[in-house]
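A.B. asks: The structure that follows is given in the form of structure tokens.
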Protein chains: 2
Amino acid sequence: MKRNADNPKMKDVLREQIFGRALLPLQKLPSERELSELFSTTRISVKDALSALETEGLIYREDRRGWFVSPPRVHYNPLSRCHFNQMINEQNRIAETKLINVSTIMAPSDYAKVLELKELTEIHVIERLRYIDGRVVLFVENCLISHFFPAIIAENLTQSLTQLYQDKYQFTTSRSRFDVIPAAAPAHVAKALNISAGQQVLKICRVNYNQQGQIIDCEFEYWRPDAVMISIDSIEHN
Amino acid sequence: MKRNADNPKMKDVLREQIFGRALLPLQKLPSERELSELFSTTRISVKDALSALETEGLIYREDRRGWFVSPPRVHYNPLSRCHFNQMINEQNRIAETKLINVSTIMAPSDYAKVLELKELTEIHVIERLRYIDGRVVLFVENCLISHFFPAIIAENLTQSLTQLYQDKYQFTTSRSRFDVIPAAAPAHVAKALNISAGQQVLKICRVNYNQQGQIIDCEFEYWRPDAVMISIDSIEHN
DNA sequence: TGAACTCACTGAACTAGTCCAGAGGATGGG
DNA sequence: CCCATCCTCTGGACTAGTTCAGTGAGTTCA
């Protein structure tokens with residue numbers, strides 16, 4: 001590895017600066033062009049090095065804005081139907097939620113399949129964006145089977161849905177099922193998360209059951225892959 | 001997106017061929033050079049397109065051998081301390097395990113921390129490779145606290161360790177704790193998995209407890225990200 | 001027969017540029 | 001004071017090549 005001599009150095013230097021906190025979370029790195037001059041190499045090599053650090057979860061990019069240092073990952077347990085904001089607060093981080101879109105539609109076949117519905121059943125689709133410490137990290141799509149949730153549209157959908165399920169409909173989740181899949185961001189998700197289409201995300205598909213064992217809703221989560229760590233302890237589910 | 005006109009086409013064509021089963025799992029794609037001629041573009045663009053499909057989990061690369069179509073993902077539940085081979089067989093796939101290395105060392109500080117040990121405690125480190133349908137998909141490193149497992153080194157370590165724990169030491173796992181982290185492959189893992197260093201993998205760190213609630217071992221798994229899907233159902237843990 | 005060697009082919013890593021499109025700050029007119 | 005417009009900076013996407021190093025099949029030779 002002779003010709004490599006420069007570039008690993010660049011990766012190593014940046015890595016060191018990040019671990020040594022010379023570069024702080026959320027801080028912007030110099031532009032690709034500047035880096036290529038600093039390390040006297042081409043932009044393509046710089047890009048490769050930055051992508052590698054991105055894969056390690058040390059830095060992230062925002063489309064046409066630049067590269068930034070990733071804050072530490074949050075721990076997330078998809079089994080505990082917990083309140084997002086509370087969970088994040090417990091980790092001494094600041095959470096926000098923005099409602100993007102709410103629509104009521106006939107379940108398309110892929111959703112119908114997940115929810116085990118006959119087609120032509122009405123569902124509410126709620127799209128929300130979640131922020132941690134001011135950074136977009138999560139795009140969530142909730143699909144609620146309409147007849148379980150009359151008049152939910154009128155509610156404040158920025159709060160915890162779990163809370164709403166309990167307070168307004170007396171639903172407690174008796175069972176959750178979920179899949180975690182390393183995937184590529186679909187276009188609309190990429191746009192919302194401020195990443196480029198096709199970039200890697202961690203996709204979580206969850207199906208929730210009420211106390212009668214009926215499926216009441218499902219959820220598709222798309223996480224920035226450097227922002228999260230799935231963390232599960234079997235002792236909690238007894 | 002004018003100039004993009006060719007390349008998405010290339011991605012789309014390949015995607016279509018894969019979904020349409022014109023290209024079958026494990027089948028080799030044409031070389032990057034051939035593809036760049038076929039689609040009259042440069043190798044860098046071809047590489048970008050292939051990387052994008054790789055992120056989607058549709059294809060994978062083997063270092064200096066070529067690009068191949070990914071077989072379907074297997075479902076994996078890290079909570080059920082199940083036998084790897086059995087789990088894979090239940091999904092109508094063929095599993096193999098190869099022992100790479102066994103060593104007995106003083107726990108280095110990072111391992112000691114995970115295992116909640118004082119330093120200078122002896123551990124066995126067992127490194128194994130797992131194959132599905134003949135393809136390497138998983139690198140596993142098991143760290144056993146030595147004094148719990150006298151003479152385990154002499155056993156056949158290609159079989160299920162869970163089984164061995166039960167049969168030889170009467171350990172049943174009372175509790176498991178694990179983290180799932182999208183990460184970059186460390187060099188030795190990359191080499192074993194036949195991927196290039198720094199490529200993306202799904203890392204799973206698990207800690208196991210015996211029926212007395214003592215930590216007996218931990219495990220570091222590195223999965224090829226296109227090969228697996230974490231799949232958990234809360235109803236199974238009651 | 002089998003081990004060592006050769007060599008074409010593969011992706012990996014690189015150089016040196018161009019052009020495009022979105023983000024966002026500065027500017028200036030109403 | 002507000003809003004539109006411009007202009008600069010960013011990463012994204014590309015062209016057109018070169019060199020390097022591991023893979024693996026085929027060949028040679030003891």
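Naming scheme: A, B, ... for chains in displayed order of the structure tokens; residues 1 onward per chain; ligands 1 onward as shown.
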Any chance you could list, as a ChimeraX atom specification, the residues in stretch 53-202 of chain A that come up alpha helix (DSSP H) when DSSP is run on the backbone?
C.D. replies: /A:53-56,84-90,109-114,161-169,187-193
A.B. asks: Within 8 Å of chain B, which residues of chain A show up? Give each one with its shortest atom-to-atom distance in Å (one decimal) and the two atoms involved, counting only C-alpha atoms, rows by chain then rising residue number, as a tab-separated table.
C.D. replies:
```
residue	atom	partner	partner_atom	distance
A:Ala52	CA	B:Gly198	CA	6.2
A:Thr55	CA	B:Ala184	CA	5.6
A:Glu56	CA	B:Ala184	CA	4.9
A:Gly57	CA	B:Ala183	CA	6.7
A:Leu79	CA	B:Ser234	CA	6.8
A:Arg175	CA	B:Ser234	CA	5.7
A:Ser176	CA	B:Ser234	CA	5.4
A:Arg177	CA	B:Asp233	CA	4.2
A:Phe178	CA	B:Ile232	CA	5.4
A:Asp179	CA	B:Ser231	CA	4.4
A:Val180	CA	B:Ile230	CA	4.8
A:Ile181	CA	B:Met229	CA	5.1
A:Pro182	CA	B:Pro225	CA	6.3
A:Ala183	CA	B:Glu56	CA	5.2
A:Ala184	CA	B:Glu56	CA	4.9
A:Gly198	CA	B:Ala52	CA	6.2
A:Gln199	CA	B:Thr55	CA	7.1
A:Gln200	CA	B:Thr55	CA	6.0
A:Leu202	CA	B:Pro182	CA	7.8
A:Pro225	CA	B:Pro182	CA	6.3
A:Asp226	CA	B:Pro182	CA	7.3
A:Val228	CA	B:Ile181	CA	7.5
A:Met229	CA	B:Ile181	CA	5.1
A:Ile230	CA	B:Val180	CA	4.8
A:Ser231	CA	B:Asp179	CA	4.4
A:Ile232	CA	B:Phe178	CA	5.4
A:Asp233	CA	B:Arg177	CA	4.2
A:Ser234	CA	B:Ser176	CA	5.5
A:Ile235	CA	B:Arg175	CA	5.8
A:His237	CA	B:His237	CA	6.3
A:Asn238	CA	B:Asn238	CA	5.4
```
A.B. asks: Using only C-alpha atoms (C1' of nucleotides), which residues sit within 8 Å of stretch 21-26 of chain D once same-chain residues fewer than 2 positions away are excluded, as a list in words?
C.D. replies: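 With the cut-off at 8 Å, the set is Asp63, Arg64 and Arg65 of chain B; DT10 of chain C.
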A.B. asks: Only residues of chain D matter here; which ones have an atom within 10 Å of chain A, counting only C-alpha atoms (C1' of nucleotides)? Give them as a list in words.
C.D. replies: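 Residues satisfying the distance criterion: DC9, DT10, DG11, DG12, DT19, DC20 and DA21 of chain D.
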A.B. asks: Quick check: residues of chain C within 9 Å of chain B, only C-alpha atoms (C1' of nucleotides), returned as a list in words.
C.D. replies: DT10, DG11, DA12, DC20 and DA21 of chain C
A.B. asks: Next, the residues of the selection above should be written as a compact mmCIF listing (two decimals), in the first residue's frame with C-alpha atoms (C1' of nucleotides).
C.D. replies:
```txt
# COMPACT_ATOMS: atom_id res chain seq x y z
C1' DT C 10 -10.65 -8.65 -11.50
C1' DG C 11 -11.77 -4.68 -8.39
C1' DA C 12 -9.12 -1.00 -5.51
C1' DC C 20 -24.75 20.87 -12.57
C1' DA C 21 -28.09 22.09 -8.98
```
A.B. asks: Quick one: pull the distance between atom CA of A:Arg224 and atom CA of A:Glu127, Å, one decimal.
C.D. replies: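 Pair atom CA of A:Arg224 / atom CA of A:Glu127 returns 16.2 Å.
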A.B. asks: Just the number, please: distance in Å from atom CA of B:Thr162 to atom CA of B:Ala192, one decimal.
C.D. replies: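 Distance reported for this atom pair: 23.1 Å.
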A.B. asks: Would you work out the distance separating atom CA of A:Ser103 from atom CA of A:Leu138, expressed in Å to one decimal?
C.D. replies: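 Atom-to-atom, atom CA of A:Ser103 to atom CA of A:Leu138, that is 19.4 Å.
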A.B. asks: Hey, what's within 8 Å of A:Val137 if we count only C-alpha atoms (C1' of nucleotides) and toss same-chain stuff fewer than 6 positions away? As a list of chain:residue names, please?
C.D. replies: A:Leu129, A:Arg130, A:Tyr131, A:Leu193, A:Trp223, A:Arg224, A:Ala227
A.B. asks: What would the file look like if the residues just selected were written as a PDB file, in the first residue's frame with C-alpha atoms?
C.D. replies:
```
ATOM      1  CA  LEU A 129     -39.741  13.900  11.327  1.00  0.00           C
ATOM      2  CA  ARG A 130     -37.780  13.486  14.545  1.00  0.00           C
ATOM      3  CA  TYR A 131     -34.860  15.646  15.611  1.00  0.00           C
ATOM      4  CA  LEU A 193     -33.718  13.550   6.119  1.00  0.00           C
ATOM      5  CA  TRP A 223     -32.922   6.299  10.814  1.00  0.00           C
ATOM      6  CA  ARG A 224     -29.743   8.069   9.819  1.00  0.00           C
ATOM      7  CA  ALA A 227     -27.493   8.353  14.888  1.00  0.00           C
TER       8      ALA A 227
END
```
A.B. asks: May I have the residues within 12 Å of C:DT15 as a list in words, using only C-alpha atoms (C1' of nucleotides) and disregarding those fewer than 4 positions away in the same chain?
C.D. replies: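 Contacts, with the query itself left out: Arg3, Ser40, Thr41, Thr42, Arg43, Ile44 and Ser45 of chain A; DA16, DG17, DT18 and DT19 of chain D.
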A.B. asks: Using DSSP on the backbone coordinates, identify all residues within stretch 31-101 of chain B classified as strand (DSSP E); present the result as a PyMOL selection string.
C.D. replies: chain B and resi 59-62+66-69+74-76+95-101
A.B. asks: Measuring atom to atom with only C-alpha atoms, identify which of A:Leu144, A:Arg21, A:Ile152, A:Asn194 is nearest to A:Leu115.
C.D. replies: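 Ranked by minimum distance to A:Leu115, first place goes to A:Leu144.
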A.B. asks: If we count only C-alpha atoms (C1' of nucleotides), what is near B:Val140 at a cut-off of 6 Å, once residues fewer than 2 positions away on the same chain are taken out, given as a list in words?
C.D. replies: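 Once the adjacent positions are removed, what remains is Glu127, Arg128, Phe220 and Glu221 of chain B.
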